[in-house]
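What follows is my_file.csv (CSV, N, CA and C atoms).
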```csv
chain,number,residue,atom,x,y,z
M,127,LYS,N,0.6,-14.0,0.3
M,127,LYS,CA,1.5,-13.0,1.0
M,127,LYS,C,1.1,-11.6,0.5
M,128,VAL,N,0.9,-10.7,1.4
M,128,VAL,CA,0.6,-9.3,1.0
M,128,VAL,C,1.4,-8.4,1.9
M,129,ALA,N,1.9,-7.4,1.3
M,129,ALA,CA,2.6,-6.3,2.0
M,129,ALA,C,1.9,-5.0,1.7
M,130,ILE,N,1.7,-4.2,2.8
M,130,ILE,CA,1.1,-2.9,2.6
M,130,ILE,C,2.0,-1.9,3.2
M,131,VAL,N,2.4,-0.9,2.4
M,131,VAL,CA,3.4,0.1,2.8
M,131,VAL,C,2.8,1.5,2.6
M,132,PRO,N,3.0,2.4,3.6
M,132,PRO,CA,2.5,3.8,3.4
M,132,PRO,C,3.0,4.4,2.1
M,133,GLY,N,2.2,5.1,1.4
M,133,GLY,CA,2.7,5.8,0.2
M,133,GLY,C,3.8,6.8,0.4
M,134,SER,N,3.8,7.3,1.6
M,134,SER,CA,4.9,8.3,1.9
M,134,SER,C,6.3,7.7,1.9
M,135,ALA,N,6.4,6.4,1.9
M,135,ALA,CA,7.7,5.7,1.8
M,135,ALA,C,8.3,5.9,0.4
M,136,PHE,N,7.4,6.4,-0.5
M,136,PHE,CA,7.9,6.6,-1.9
M,136,PHE,C,8.0,8.0,-2.3
M,137,GLY,N,8.0,8.9,-1.3
M,137,GLY,CA,8.1,10.3,-1.6
M,137,GLY,C,6.9,11.1,-1.2
M,138,GLU,N,7.0,12.4,-1.3
M,138,GLU,CA,5.9,13.3,-0.9
M,138,GLU,C,4.6,13.1,-1.7
M,139,GLY,N,4.8,12.8,-2.9
M,139,GLY,CA,3.6,12.5,-3.8
M,139,GLY,C,2.8,11.3,-3.3
M,140,GLY,N,3.3,10.5,-2.4
M,140,GLY,CA,2.6,9.3,-2.0
M,140,GLY,C,1.8,9.5,-0.7
M,141,GLU,N,1.9,10.7,-0.1
M,141,GLU,CA,1.2,11.0,1.1
M,141,GLU,C,-0.3,10.8,0.9
M,142,GLY,N,-0.9,10.1,1.8
M,142,GLY,CA,-2.4,9.8,1.8
M,142,GLY,C,-2.7,8.6,1.0
M,143,TYR,N,-1.7,7.8,0.5
M,143,TYR,CA,-1.9,6.6,-0.3
M,143,TYR,C,-1.3,5.4,0.4
M,144,ILE,N,-1.6,4.2,-0.1
M,144,ILE,CA,-0.8,3.0,0.4
M,144,ILE,C,-0.4,2.3,-0.9
M,145,ARG,N,0.6,1.5,-0.7
M,145,ARG,CA,1.0,0.6,-1.8
M,145,ARG,C,0.9,-0.8,-1.4
M,146,ILE,N,0.2,-1.6,-2.2
M,146,ILE,CA,-0.1,-3.0,-1.8
M,146,ILE,C,0.7,-3.9,-2.8
M,147,SER,N,1.5,-4.8,-2.3
M,147,SER,CA,2.3,-5.8,-3.1
M,147,SER,C,1.7,-7.1,-2.7
M,148,TYR,N,1.6,-8.0,-3.7
M,148,TYR,CA,1.0,-9.3,-3.5
M,148,TYR,C,1.8,-10.4,-4.2
M,149,CYS,N,1.6,-11.6,-3.8
M,149,CYS,CA,2.2,-12.8,-4.4
M,149,CYS,C,1.2,-13.9,-4.3
M,150,TYR,N,0.2,-13.9,-5.2
M,150,TYR,CA,-0.9,-14.9,-5.2
M,150,TYR,C,-1.2,-15.2,-6.6
M,151,ASN,N,-2.0,-16.3,-6.8
M,151,ASN,CA,-2.5,-16.5,-8.2
M,151,ASN,C,-3.7,-15.6,-8.4
M,152,GLU,N,-4.2,-15.5,-9.6
M,152,GLU,CA,-5.3,-14.6,-9.9
M,152,GLU,C,-6.6,-14.9,-9.1
M,153,LYS,N,-6.9,-16.2,-9.0
M,153,LYS,CA,-8.2,-16.6,-8.3
M,153,LYS,C,-8.1,-16.1,-6.8
M,154,GLU,N,-7.0,-16.4,-6.1
M,154,GLU,CA,-6.8,-16.0,-4.7
M,154,GLU,C,-6.8,-14.5,-4.6
M,155,LEU,N,-6.2,-13.8,-5.5
M,155,LEU,CA,-6.1,-12.3,-5.5
M,155,LEU,C,-7.5,-11.7,-5.6
M,156,LYS,N,-8.4,-12.3,-6.6
M,156,LYS,CA,-9.7,-11.8,-6.7
M,156,LYS,C,-10.5,-12.0,-5.5
M,157,GLU,N,-10.4,-13.1,-4.8
M,157,GLU,CA,-11.1,-13.4,-3.6
M,157,GLU,C,-10.7,-12.4,-2.5
M,158,ALA,N,-9.4,-12.1,-2.4
M,158,ALA,CA,-8.9,-11.1,-1.4
M,158,ALA,C,-9.4,-9.7,-1.7
M,159,LEU,N,-9.4,-9.3,-2.9
M,159,LEU,CA,-10.0,-8.0,-3.3
M,159,LEU,C,-11.5,-7.9,-3.0
M,160,ASP,N,-12.2,-9.0,-3.3
M,160,ASP,CA,-13.6,-9.0,-3.0
M,160,ASP,C,-13.9,-8.8,-1.5
M,161,ARG,N,-13.1,-9.5,-0.7
M,161,ARG,CA,-13.2,-9.3,0.8
M,161,ARG,C,-12.8,-7.9,1.2
M,162,MET,N,-11.8,-7.3,0.6
M,162,MET,CA,-11.4,-6.0,1.0
M,162,MET,C,-12.5,-5.0,0.6
M,163,GLU,N,-13.1,-5.2,-0.5
M,163,GLU,CA,-14.2,-4.3,-1.0
M,163,GLU,C,-15.4,-4.4,0.0
M,164,LYS,N,-15.8,-5.6,0.5
M,164,LYS,CA,-16.8,-5.7,1.5
M,164,LYS,C,-16.5,-5.0,2.8
M,165,PHE,N,-15.2,-5.2,3.2
M,165,PHE,CA,-14.7,-4.6,4.5
M,165,PHE,C,-14.8,-3.1,4.4
M,166,ILE,N,-14.3,-2.5,3.3
M,166,ILE,CA,-14.3,-1.1,3.1
M,166,ILE,C,-15.8,-0.5,3.0
M,167,GLY,N,-16.7,-1.3,2.4
M,167,GLY,CA,-18.1,-0.9,2.4
M,167,GLY,C,-18.7,-0.8,3.8
M,168,ARG,N,-18.3,-1.8,4.6
M,168,ARG,CA,-18.8,-1.8,6.0
M,168,ARG,C,-18.2,-0.6,6.8
M,169,LEU,N,-16.9,-0.3,6.6
M,169,LEU,CA,-16.3,0.9,7.2
M,169,LEU,C,-17.1,2.2,6.8
M,170,ARG,N,-17.3,2.3,5.5
M,170,ARG,CA,-18.0,3.5,5.1
M,170,ARG,C,-19.4,3.7,5.6
M,171,SER,N,-20.1,2.5,5.8
M,171,SER,CA,-21.5,2.6,6.3
M,171,SER,C,-21.5,2.8,7.8
M,172,GLY,N,-20.4,2.7,8.5
M,172,GLY,CA,-20.4,2.8,9.9
M,172,GLY,C,-20.7,1.5,10.6
M,173,GLU,N,-20.8,0.4,9.9
M,173,GLU,CA,-21.1,-0.9,10.5
M,173,GLU,C,-20.0,-1.3,11.4
M,174,THR,N,-20.3,-1.8,12.6
M,174,THR,CA,-19.2,-2.3,13.5
M,174,THR,C,-19.3,-3.8,13.5
M,175,TYR,N,-18.2,-4.4,13.9
M,175,TYR,CA,-18.1,-5.9,13.9
M,175,TYR,C,-17.0,-6.2,14.9
M,176,THR,N,-17.0,-7.5,15.3
M,176,THR,CA,-15.9,-8.0,16.2
M,176,THR,C,-15.0,-8.9,15.5
M,177,THR,N,-13.8,-9.1,15.9
M,177,THR,CA,-12.8,-10.0,15.3
M,177,THR,C,-12.6,-11.2,16.2
```

Could you write out this file's structure as structure tokens?
Amino acid sequence: KVAIVPGSAFGEGGEGYIRISYCYNEKELKEALDRMEKFIGRLRSGETYTT
């Protein structure tokens, strides 16, 4: 389970950020973060993909 909330929900200092809350064991969390890292890398490189 993951919740992502705009940083602005926590005040002006949070503008431009996000807050991620999770409820997983460490192994599942690492896998999720690895997947997010790959996804962000594709976004930065301009790679497109379908869902």

Notebook entry, point to check: If you run DSSP on this backbone, which residues of chain M come out as strand (DSSP E), and could you give them as a PyMOL selection string?
Noted result: chain M and resi 128-132+144-148

Check: Of the candidates M:Glu173, M:Glu141, M:Glu154, M:Glu163, which one gets nearest to Val128 (chain M) if we count only C-alpha atoms?
Finding: M:Glu154

Margin query: Can you measure atom N of Asn151 (chain M) to atom N of Pro132 (chain M) for me? One decimal in Å is fine.
Written below: 22.0 Å

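Straight-line separation from atom C of Gly142 (chain M) to atom N of Lys156 (chain M): 23.0 Å.
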
Note to self: If we draw a sphere of 6 Å around (2.6, -1.1, -1.6), which residues have at least one atom in it when counting all atoms listed in the file? Please report them as a VMD selection string.
What the structure shows: chain M and resid 129 to 131 144 to 147

With 3 Å added on each side, what axis-aligned box encloses every listed atom of region 131-144 of chain M? Give the centre and edge lengths in Å to one decimal, as lines of an AutoDock Vina configuration file.
```
center_x = 2.8
center_y = 6.2
center_z = -0.1
size_x = 17.0
size_y = 20.2
size_z = 13.4
```
